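Reproduced below: my_file35.tsv, with TSV, C-alpha atoms and all ligand atoms.
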```
chain	number	residue	atom	x	y	z
A	1	MET	CA	0.00	0.00	0.00
A	2	MET	CA	1.16	3.52	-0.67
A	3	MET	CA	2.61	5.39	2.24
A	4	GLN	CA	0.41	8.10	3.68
A	5	LEU	CA	1.73	11.60	3.13
A	6	LYS	CA	1.56	12.28	6.85
A	7	GLU	CA	3.73	9.25	7.53
A	8	ALA	CA	6.31	10.46	5.03
A	9	ILE	CA	6.34	13.98	6.44
A	10	THR	CA	6.66	12.86	10.04
A	11	GLY	CA	8.85	9.79	9.46
A	12	ARG	CA	11.56	11.25	7.19
A	13	ARG	CA	14.92	11.78	8.90
A	14	SER	CA	18.21	13.15	7.73
A	15	VAL	CA	20.25	10.02	7.12
A	16	ARG	CA	23.97	10.07	7.90
A	17	ALA	CA	25.02	6.44	7.36
A	18	TYR	CA	24.42	4.43	4.21
A	19	GLU	CA	24.66	0.94	2.81
A	20	GLU	CA	27.10	0.30	-0.04
A	21	ARG	CA	24.46	-0.50	-2.66
A	22	PRO	CA	23.62	2.17	-5.21
A	23	VAL	CA	20.23	3.76	-5.77
A	24	PRO	CA	18.93	2.53	-9.15
A	25	GLY	CA	19.26	5.13	-11.90
A	26	GLU	CA	15.58	4.80	-12.79
A	27	LEU	CA	14.65	5.65	-9.22
A	28	ILE	CA	16.89	8.72	-9.24
A	29	ARG	CA	15.12	9.85	-12.41
A	30	GLU	CA	11.75	9.25	-10.79
A	31	LEU	CA	12.81	11.34	-7.79
A	32	ILE	CA	13.88	14.21	-10.05
A	33	GLY	CA	10.45	13.90	-11.66
A	34	MET	CA	8.86	14.30	-8.23
A	35	GLY	CA	11.09	17.30	-7.56
A	36	ILE	CA	9.87	19.21	-10.57
A	37	CYS	CA	6.25	18.84	-9.46
A	38	ALA	CA	6.96	21.47	-6.81
A	39	PRO	CA	5.32	24.86	-7.05
A	40	THR	CA	7.43	27.47	-8.78
A	41	ALA	CA	7.22	31.25	-8.81
A	42	SER	CA	5.97	32.66	-12.13
A	43	ARG	CA	6.19	29.09	-13.53
A	44	MET	CA	9.88	29.68	-14.10
A	45	GLN	CA	11.05	26.20	-13.02
A	46	PRO	CA	14.56	27.53	-12.45
A	47	TRP	CA	16.05	24.19	-11.42
A	48	ALA	CA	18.61	21.93	-13.03
A	49	PHE	CA	20.16	18.76	-11.67
A	50	ALA	CA	23.47	16.98	-11.57
A	51	VAL	CA	24.04	13.46	-10.32
A	52	VAL	CA	27.30	12.12	-8.93
A	53	GLU	CA	27.64	8.43	-8.19
A	54	ASN	CA	31.32	8.33	-7.43
A	55	ARG	CA	32.37	8.01	-3.81
A	56	GLU	CA	35.98	8.89	-4.57
A	57	LYS	CA	35.02	12.15	-6.24
A	58	MET	CA	32.65	12.94	-3.40
A	59	ARG	CA	35.39	12.28	-0.85
A	60	GLU	CA	37.67	14.62	-2.78
A	61	TRP	CA	34.99	17.33	-2.88
A	62	SER	CA	34.27	16.77	0.81
A	63	ASP	CA	37.92	17.51	1.62
A	64	LYS	CA	37.78	20.69	-0.47
A	65	ALA	CA	34.51	21.74	1.18
A	66	LYS	CA	36.03	21.32	4.64
A	67	GLU	CA	39.03	23.41	3.65
A	68	LEU	CA	36.78	26.18	2.29
A	69	LEU	CA	34.59	26.14	5.40
A	70	LEU	CA	37.63	26.28	7.71
A	71	GLY	CA	38.81	29.32	5.76
A	72	ARG	CA	35.53	31.10	6.52
A	73	MET	CA	35.51	30.44	10.28
A	74	ALA	CA	37.39	33.64	11.17
A	75	ASP	CA	34.64	35.92	9.90
A	76	ASN	CA	31.68	33.58	10.33
A	77	PRO	CA	30.88	32.82	13.98
A	78	TYR	CA	28.01	30.48	12.99
A	79	LEU	CA	30.43	28.09	11.33
A	80	ARG	CA	32.69	27.78	14.39
A	81	GLN	CA	30.44	25.13	15.96
A	82	TYR	CA	31.59	22.82	13.14
A	83	LYS	CA	35.33	23.48	13.51
A	84	ALA	CA	36.19	20.09	15.04
A	85	ALA	CA	34.26	18.21	12.34
A	86	MET	CA	35.92	20.24	9.59
A	87	GLU	CA	39.37	19.51	11.05
A	88	ASN	CA	38.62	15.81	11.39
A	89	LYS	CA	40.33	14.05	8.48
A	90	GLU	CA	37.90	11.13	8.76
A	91	PHE	CA	34.77	13.24	8.48
A	92	ASN	CA	33.10	13.01	5.10
A	93	ILE	CA	30.43	15.68	4.61
A	94	PHE	CA	28.65	13.22	2.28
A	95	TYR	CA	28.72	10.38	4.85
A	96	ASN	CA	29.93	7.96	2.17
A	97	ALA	CA	26.52	8.02	0.48
A	98	PRO	CA	26.42	6.33	-2.93
A	99	CYS	CA	24.71	9.26	-4.63
A	100	LEU	CA	24.84	13.04	-4.62
A	101	LEU	CA	21.92	14.74	-6.33
A	102	LEU	CA	22.59	18.42	-6.77
A	103	ILE	CA	19.88	20.97	-7.43
A	104	TYR	CA	21.21	24.10	-9.06
A	105	GLY	CA	19.07	27.22	-9.43
A	106	ASP	CA	19.04	29.59	-12.39
A	107	THR	CA	19.86	33.01	-10.97
A	108	ALA	CA	17.79	34.59	-13.75
A	109	SER	CA	14.83	33.74	-11.54
A	110	PRO	CA	14.60	35.93	-8.43
A	111	ASN	CA	12.97	32.99	-6.63
A	112	HIS	CA	15.38	30.25	-7.61
A	113	VAL	CA	16.43	29.46	-4.04
A	114	VAL	CA	12.89	29.01	-2.78
A	115	ASP	CA	11.80	27.03	-5.84
A	116	CYS	CA	14.77	24.67	-5.64
A	117	ALA	CA	14.24	24.15	-1.91
A	118	LEU	CA	10.64	23.12	-2.58
A	119	ALA	CA	11.85	20.64	-5.21
A	120	ALA	CA	14.37	19.31	-2.69
A	121	GLN	CA	11.71	18.61	-0.09
A	122	ASN	CA	9.58	16.78	-2.66
A	123	ILE	CA	12.59	14.64	-3.51
A	124	MET	CA	13.43	13.86	0.12
A	125	LEU	CA	9.84	12.85	0.88
A	126	ALA	CA	9.48	10.79	-2.30
A	127	ALA	CA	12.81	9.10	-1.53
A	128	TYR	CA	11.63	8.22	1.95
A	129	GLU	CA	8.52	6.61	0.51
A	130	LYS	CA	10.79	4.41	-1.61
A	131	GLY	CA	12.95	3.39	1.36
A	132	VAL	CA	15.75	5.71	0.25
A	133	GLY	CA	17.35	7.94	2.86
A	134	SER	CA	18.47	11.48	2.18
A	135	CYS	CA	20.19	14.43	3.75
A	136	TRP	CA	20.53	18.01	2.58
A	137	VAL	CA	24.24	18.75	2.87
A	138	GLY	CA	24.57	22.49	3.23
A	139	PHE	CA	28.29	22.02	3.89
A	140	ALA	CA	28.63	21.27	0.17
A	141	THR	CA	27.01	24.45	-1.15
A	142	GLN	CA	30.15	26.56	-1.38
A	143	VAL	CA	32.35	23.89	-2.94
A	144	CYS	CA	29.65	23.10	-5.52
A	145	ASN	CA	29.75	26.74	-6.57
A	146	THR	CA	33.46	26.64	-7.46
A	147	PRO	CA	34.28	26.94	-11.18
A	148	GLU	CA	36.19	23.67	-10.95
A	149	ILE	CA	33.21	21.62	-9.81
A	150	LYS	CA	30.73	23.48	-12.00
A	151	ASP	CA	32.97	22.76	-15.00
A	152	ALA	CA	33.23	19.11	-14.05
A	153	LEU	CA	29.43	18.93	-13.87
A	154	GLY	CA	28.74	21.05	-16.95
A	155	VAL	CA	26.90	23.68	-14.92
A	156	PRO	CA	26.69	27.14	-16.55
A	157	GLY	CA	28.06	30.13	-14.64
A	158	ASP	CA	24.68	31.72	-13.95
A	159	TYR	CA	23.46	28.70	-11.98
A	160	ARG	CA	24.05	28.46	-8.23
A	161	PRO	CA	23.92	25.38	-6.03
A	162	VAL	CA	20.88	25.41	-3.76
A	163	ALA	CA	20.32	21.88	-2.52
A	164	PRO	CA	23.09	19.28	-2.42
A	165	LEU	CA	21.17	16.11	-1.49
A	166	ILE	CA	22.76	12.79	-0.67
A	167	LEU	CA	20.72	9.67	-1.33
A	168	GLY	CA	21.14	6.02	-0.42
A	169	TYR	CA	19.77	3.11	1.55
A	170	PRO	CA	19.92	3.93	5.26
A	171	ARG	CA	22.18	1.98	7.58
A	172	GLY	CA	20.57	2.08	11.01
A	173	GLN	CA	17.75	4.17	12.35
A	174	TRP	CA	17.55	7.66	13.77
A	175	PRO	CA	15.40	9.01	16.53
A	176	PRO	CA	13.28	12.01	15.58
A	177	VAL	CA	14.81	15.43	16.19
A	178	PRO	CA	12.46	17.17	18.61
A	179	ARG	CA	10.66	20.19	17.23
A	180	ARG	CA	9.98	23.31	19.26
A	181	GLU	CA	6.37	24.30	19.66
A	182	PRO	CA	5.54	26.49	16.67
A	183	VAL	CA	5.40	30.18	17.41
A	184	VAL	CA	2.08	31.56	16.20
A	185	PHE	CA	2.28	35.30	16.57
A	186	SER	CA	-1.36	35.88	16.02
A	187	TRP	CA	-4.53	34.32	14.66
A	188	ILE	CA	-6.86	37.05	13.60
A	189	LYS	CA	-10.48	36.24	12.90
A	201	LIG	C1	19.52	23.98	4.41
A	201	LIG	C2	19.93	22.75	5.16
A	201	LIG	C3	21.27	22.43	5.27
A	201	LIG	C4	21.67	21.28	5.95
A	201	LIG	N1	22.98	20.96	5.98
A	201	LIG	C5	23.38	19.82	6.58
A	201	LIG	C6	24.74	19.40	6.52
A	201	LIG	O1	25.60	20.06	5.92
A	201	LIG	N2	25.08	18.25	7.14
A	201	LIG	C7	24.16	17.47	7.79
A	201	LIG	O2	24.54	16.43	8.33
A	201	LIG	N3	22.86	17.82	7.85
A	201	LIG	C8	22.44	18.96	7.25
A	201	LIG	N4	21.11	19.31	7.25
A	201	LIG	C9	20.13	18.44	7.92
A	201	LIG	C10	19.65	19.05	9.24
A	201	LIG	O3	20.67	18.95	10.19
A	201	LIG	C11	18.40	18.26	9.68
A	201	LIG	O4	17.37	18.49	8.75
A	201	LIG	C12	17.91	18.69	11.07
A	201	LIG	O5	18.84	18.31	12.05
A	201	LIG	C13	16.56	18.03	11.42
A	201	LIG	O6	16.66	16.63	11.33
A	201	LIG	P1	15.70	15.79	10.38
A	201	LIG	O7	15.97	16.23	8.96
A	201	LIG	O8	16.10	14.36	10.61
A	201	LIG	O9	14.29	16.06	10.76
A	201	LIG	C14	20.70	20.45	6.58
A	201	LIG	C15	19.34	20.77	6.45
A	201	LIG	C16	18.96	21.89	5.74
A	201	LIG	C17	17.48	22.20	5.60
```
Take the structure in this file and express it as structure tokens.
Amino acid sequence: MMMQLKEAITGRRSVRAYEERPVPGELIRELIGMGICAPTASRMQPWAFAVVENREKMREWSDKAKELLLGRMADNPYLRQYKAAMENKEFNIFYNAPCLLLIYGDTASPNHVVDCALAAQNIMLAAYEKGVGSCWVGFATQVCNTPEIKDALGVPGDYRPVAPLILGYPRGQWPPVPRREPVVFSWIK
């Protein structure tokens, strides 16, 4: 039976440990298809995708990402909480996942960030329904905007990375991350 939407929304977790086996290409395509069903400002659909199924390359890019992030610590207090992880040679920002699905946004659209984020959430929920774990890896955003990586992926200069998503079959289970009570400033009737 198909999973209930509520179950997908409440059951999805960011997955940080993966099995070796790859996600079938057809399934990755299906997930991209789910992504592009997201709402989009002015129907601009400013998203484009790149898929990397190469753990070695991802490890290499992870090392570069950590270096870039360490370089930004001095003037970015927010990042300092991650200093130890970034200095840890063993830490892979992609958690050894078998697949990196990148969503790039066309900067010609003023809403490309929001639109691509909506596509990303569709993909993460649809993946969960298929038993595929995911995690949005914000640590990868900067490195995926470097000319070197954009060239390697064939991404034009006017596209920016919005959502670097890792995908794969989860190893283990994760307890839910508690949510704060939502702040509702007002409810005018
Ligand atoms: C914009 C964004 C960036 C994120 N970046 C990272 C990241 O770099 N590494 C990571 O492990 N998790 C990352 N996450 C996952 C969050 O840590 C996770 O969503 C949060 O802890 C709540 O857990 P849940 O997704 O399991 O509900 C990111 C999530 C978002 C939305």
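Neighbours of range 123-136 of chain A closer than or equal to 7 Å, with all atoms listed in the file counted and sequence neighbours fewer than 6 positions away skipped, come out as A:Met3, A:Ala8, A:Ile9, A:Arg12, A:Ser14, A:Val15, A:Leu31, A:Ile32, A:Met34, A:Gly35, A:Ala163, A:Pro164, A:Leu165, A:Ile166, A:Leu167, A:Gly168, A:Tyr169, A:Pro170.
Among A:Asn122, A:Thr141, A:Ser109, A:Gln45, the residue with the shortest atom-to-atom distance to ligand LIG 201 (chain A), counting only C-alpha atoms and all ligand atoms, is A:Thr141.
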Who sits within 12 Å of range 74-85 of chain A, only C-alpha atoms, same chain under 6 positions skipped, as an MDAnalysis selection string: chainID A and resid 62:63 65:68 91:93 138:139
Closest of A:Leu5, A:Ala50, A:Cys99, A:Leu69 to ligand LIG 201 (chain A) - atom-to-atom distances counting all atoms listed in the file: A:Leu69
Box time for ligand LIG 201 (chain A): axis-aligned, enclosing all its listed atoms, 6 Å extra on each side; report centre and edge lengths in Å to one decimal, as JSON.
```
{"center_x": 19.9, "center_y": 19.2, "center_z": 8.2, "size_x": 23.3, "size_y": 21.6, "size_z": 19.6}
```
Exercise: Phe94 in chain A partners within 8 Å, all atoms listed in the file, chain neighbours under 5 positions left out, as a PyMOL selection string: chain A and resi 16+58-59+62+100+137+166
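Minimum atom-to-atom distances from A:Leu102, A:Met86, A:Val177, A:Val143 to ligand LIG 201 (chain A) were compared using only C-alpha atoms and all ligand atoms, and the lowest value belongs to A:Val177.
If only C-alpha atoms and all ligand atoms are the atoms counted, then among A:Leu101, A:Met73, A:Val155, A:Val162 the closest residue to ligand LIG 201 (chain A) is A:Val162.
Minimum atom-to-atom distance to ligand LIG 201 (chain A), evaluated using all atoms listed in the file, belongs to A:Arg13 out of A:Arg171, A:Arg13, A:Arg179, A:His112.
Across A:Pro182, A:Thr10, A:Glu30, A:Pro46, the tightest approach to ligand LIG 201 (chain A) is made by A:Thr10 when counting only C-alpha atoms and all ligand atoms.
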Å distance separating CA of Arg55 in chain A from CA of Thr107 in chain A, one decimal place: 28.9 Å
Test item: residues at most 12 Å from Pro147 in chain A, all atoms listed in the file, excluding those fewer than 4 positions along its chain, as a PyMOL selection string: chain A and resi 142-143+151-161
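Going from CA of Asp106 in chain A over to CA of Lys150 in chain A, you cover 13.2 Å.
Here CA of Trp174 in chain A and CA of Ile28 in chain A stand 23.0 Å from one another.
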Complete the atoms of range 55-84 of chain A to N, CA and C atoms and put them out as a PDB file, in the coordinates of the input.
```
ATOM      1  N   ARG A  55      31.985   7.715  -5.204  1.00  0.00           N
ATOM      2  CA  ARG A  55      32.370   8.010  -3.810  1.00  0.00           C
ATOM      3  C   ARG A  55      33.731   8.686  -3.711  1.00  0.00           C
ATOM      4  N   GLU A  56      34.625   8.309  -4.622  1.00  0.00           N
ATOM      5  CA  GLU A  56      35.980   8.890  -4.570  1.00  0.00           C
ATOM      6  C   GLU A  56      35.933  10.395  -4.831  1.00  0.00           C
ATOM      7  N   LYS A  57      35.185  10.733  -5.899  1.00  0.00           N
ATOM      8  CA  LYS A  57      35.020  12.150  -6.240  1.00  0.00           C
ATOM      9  C   LYS A  57      34.362  12.896  -5.088  1.00  0.00           C
ATOM     10  N   MET A  58      33.361  12.282  -4.500  1.00  0.00           N
ATOM     11  CA  MET A  58      32.650  12.940  -3.400  1.00  0.00           C
ATOM     12  C   MET A  58      33.563  13.131  -2.197  1.00  0.00           C
ATOM     13  N   ARG A  59      34.417  12.161  -1.950  1.00  0.00           N
ATOM     14  CA  ARG A  59      35.390  12.280  -0.850  1.00  0.00           C
ATOM     15  C   ARG A  59      36.351  13.447  -1.118  1.00  0.00           C
ATOM     16  N   GLU A  60      36.768  13.534  -2.361  1.00  0.00           N
ATOM     17  CA  GLU A  60      37.670  14.620  -2.780  1.00  0.00           C
ATOM     18  C   GLU A  60      36.973  15.993  -2.571  1.00  0.00           C
ATOM     19  N   TRP A  61      35.728  16.071  -3.012  1.00  0.00           N
ATOM     20  CA  TRP A  61      34.990  17.330  -2.880  1.00  0.00           C
ATOM     21  C   TRP A  61      34.689  17.639  -1.416  1.00  0.00           C
ATOM     22  N   SER A  62      34.486  16.584  -0.628  1.00  0.00           N
ATOM     23  CA  SER A  62      34.270  16.770   0.810  1.00  0.00           C
ATOM     24  C   SER A  62      35.506  17.423   1.435  1.00  0.00           C
ATOM     25  N   ASP A  63      36.684  16.935   1.073  1.00  0.00           N
ATOM     26  CA  ASP A  63      37.920  17.510   1.620  1.00  0.00           C
ATOM     27  C   ASP A  63      38.052  18.979   1.221  1.00  0.00           C
ATOM     28  N   LYS A  64      37.708  19.287  -0.012  1.00  0.00           N
ATOM     29  CA  LYS A  64      37.780  20.690  -0.470  1.00  0.00           C
ATOM     30  C   LYS A  64      36.764  21.551   0.281  1.00  0.00           C
ATOM     31  N   ALA A  65      35.574  20.997   0.474  1.00  0.00           N
ATOM     32  CA  ALA A  65      34.510  21.740   1.180  1.00  0.00           C
ATOM     33  C   ALA A  65      34.968  22.075   2.590  1.00  0.00           C
ATOM     34  N   LYS A  66      35.584  21.109   3.265  1.00  0.00           N
ATOM     35  CA  LYS A  66      36.030  21.320   4.640  1.00  0.00           C
ATOM     36  C   LYS A  66      37.096  22.422   4.696  1.00  0.00           C
ATOM     37  N   GLU A  67      37.970  22.388   3.725  1.00  0.00           N
ATOM     38  CA  GLU A  67      39.030  23.410   3.650  1.00  0.00           C
ATOM     39  C   GLU A  67      38.404  24.808   3.468  1.00  0.00           C
ATOM     40  N   LEU A  68      37.441  24.892   2.543  1.00  0.00           N
ATOM     41  CA  LEU A  68      36.780  26.180   2.290  1.00  0.00           C
ATOM     42  C   LEU A  68      36.043  26.673   3.539  1.00  0.00           C
ATOM     43  N   LEU A  69      35.369  25.746   4.214  1.00  0.00           N
ATOM     44  CA  LEU A  69      34.590  26.140   5.400  1.00  0.00           C
ATOM     45  C   LEU A  69      35.536  26.584   6.519  1.00  0.00           C
ATOM     46  N   LEU A  70      36.654  25.879   6.679  1.00  0.00           N
ATOM     47  CA  LEU A  70      37.630  26.280   7.710  1.00  0.00           C
ATOM     48  C   LEU A  70      38.152  27.681   7.429  1.00  0.00           C
ATOM     49  N   GLY A  71      38.329  27.988   6.153  1.00  0.00           N
ATOM     50  CA  GLY A  71      38.810  29.320   5.760  1.00  0.00           C
ATOM     51  C   GLY A  71      37.828  30.423   6.070  1.00  0.00           C
ATOM     52  N   ARG A  72      36.552  30.073   6.252  1.00  0.00           N
ATOM     53  CA  ARG A  72      35.530  31.100   6.520  1.00  0.00           C
ATOM     54  C   ARG A  72      35.226  31.280   8.000  1.00  0.00           C
ATOM     55  N   MET A  73      35.835  30.425   8.839  1.00  0.00           N
ATOM     56  CA  MET A  73      35.510  30.440  10.280  1.00  0.00           C
ATOM     57  C   MET A  73      35.805  31.802  10.913  1.00  0.00           C
ATOM     58  N   ALA A  74      36.942  32.411  10.511  1.00  0.00           N
ATOM     59  CA  ALA A  74      37.390  33.640  11.170  1.00  0.00           C
ATOM     60  C   ALA A  74      36.309  34.717  11.117  1.00  0.00           C
ATOM     61  N   ASP A  75      35.649  34.867   9.967  1.00  0.00           N
ATOM     62  CA  ASP A  75      34.640  35.920   9.900  1.00  0.00           C
ATOM     63  C   ASP A  75      33.204  35.385   9.887  1.00  0.00           C
ATOM     64  N   ASN A  76      33.032  34.141  10.283  1.00  0.00           N
ATOM     65  CA  ASN A  76      31.680  33.580  10.330  1.00  0.00           C
ATOM     66  C   ASN A  76      31.475  32.790  11.624  1.00  0.00           C
ATOM     67  N   PRO A  77      31.025  33.469  12.675  1.00  0.00           N
ATOM     68  CA  PRO A  77      30.880  32.820  13.980  1.00  0.00           C
ATOM     69  C   PRO A  77      29.963  31.591  13.943  1.00  0.00           C
ATOM     70  N   TYR A  78      28.958  31.617  13.085  1.00  0.00           N
ATOM     71  CA  TYR A  78      28.010  30.480  12.990  1.00  0.00           C
ATOM     72  C   TYR A  78      28.739  29.185  12.664  1.00  0.00           C
ATOM     73  N   LEU A  79      29.735  29.298  11.795  1.00  0.00           N
ATOM     74  CA  LEU A  79      30.430  28.090  11.330  1.00  0.00           C
ATOM     75  C   LEU A  79      31.342  27.472  12.401  1.00  0.00           C
ATOM     76  N   ARG A  80      31.685  28.261  13.428  1.00  0.00           N
ATOM     77  CA  ARG A  80      32.690  27.780  14.390  1.00  0.00           C
ATOM     78  C   ARG A  80      32.247  26.523  15.135  1.00  0.00           C
ATOM     79  N   GLN A  81      30.941  26.336  15.279  1.00  0.00           N
ATOM     80  CA  GLN A  81      30.440  25.130  15.960  1.00  0.00           C
ATOM     81  C   GLN A  81      30.869  23.852  15.220  1.00  0.00           C
ATOM     82  N   TYR A  82      31.233  24.001  13.940  1.00  0.00           N
ATOM     83  CA  TYR A  82      31.590  22.820  13.140  1.00  0.00           C
ATOM     84  C   TYR A  82      33.099  22.661  12.951  1.00  0.00           C
ATOM     85  N   LYS A  83      33.876  23.459  13.706  1.00  0.00           N
ATOM     86  CA  LYS A  83      35.330  23.480  13.510  1.00  0.00           C
ATOM     87  C   LYS A  83      35.941  22.076  13.669  1.00  0.00           C
ATOM     88  N   ALA A  84      35.578  21.401  14.768  1.00  0.00           N
ATOM     89  CA  ALA A  84      36.190  20.090  15.040  1.00  0.00           C
ATOM     90  C   ALA A  84      35.880  19.111  13.906  1.00  0.00           C
TER      91      ALA A  84
END
```
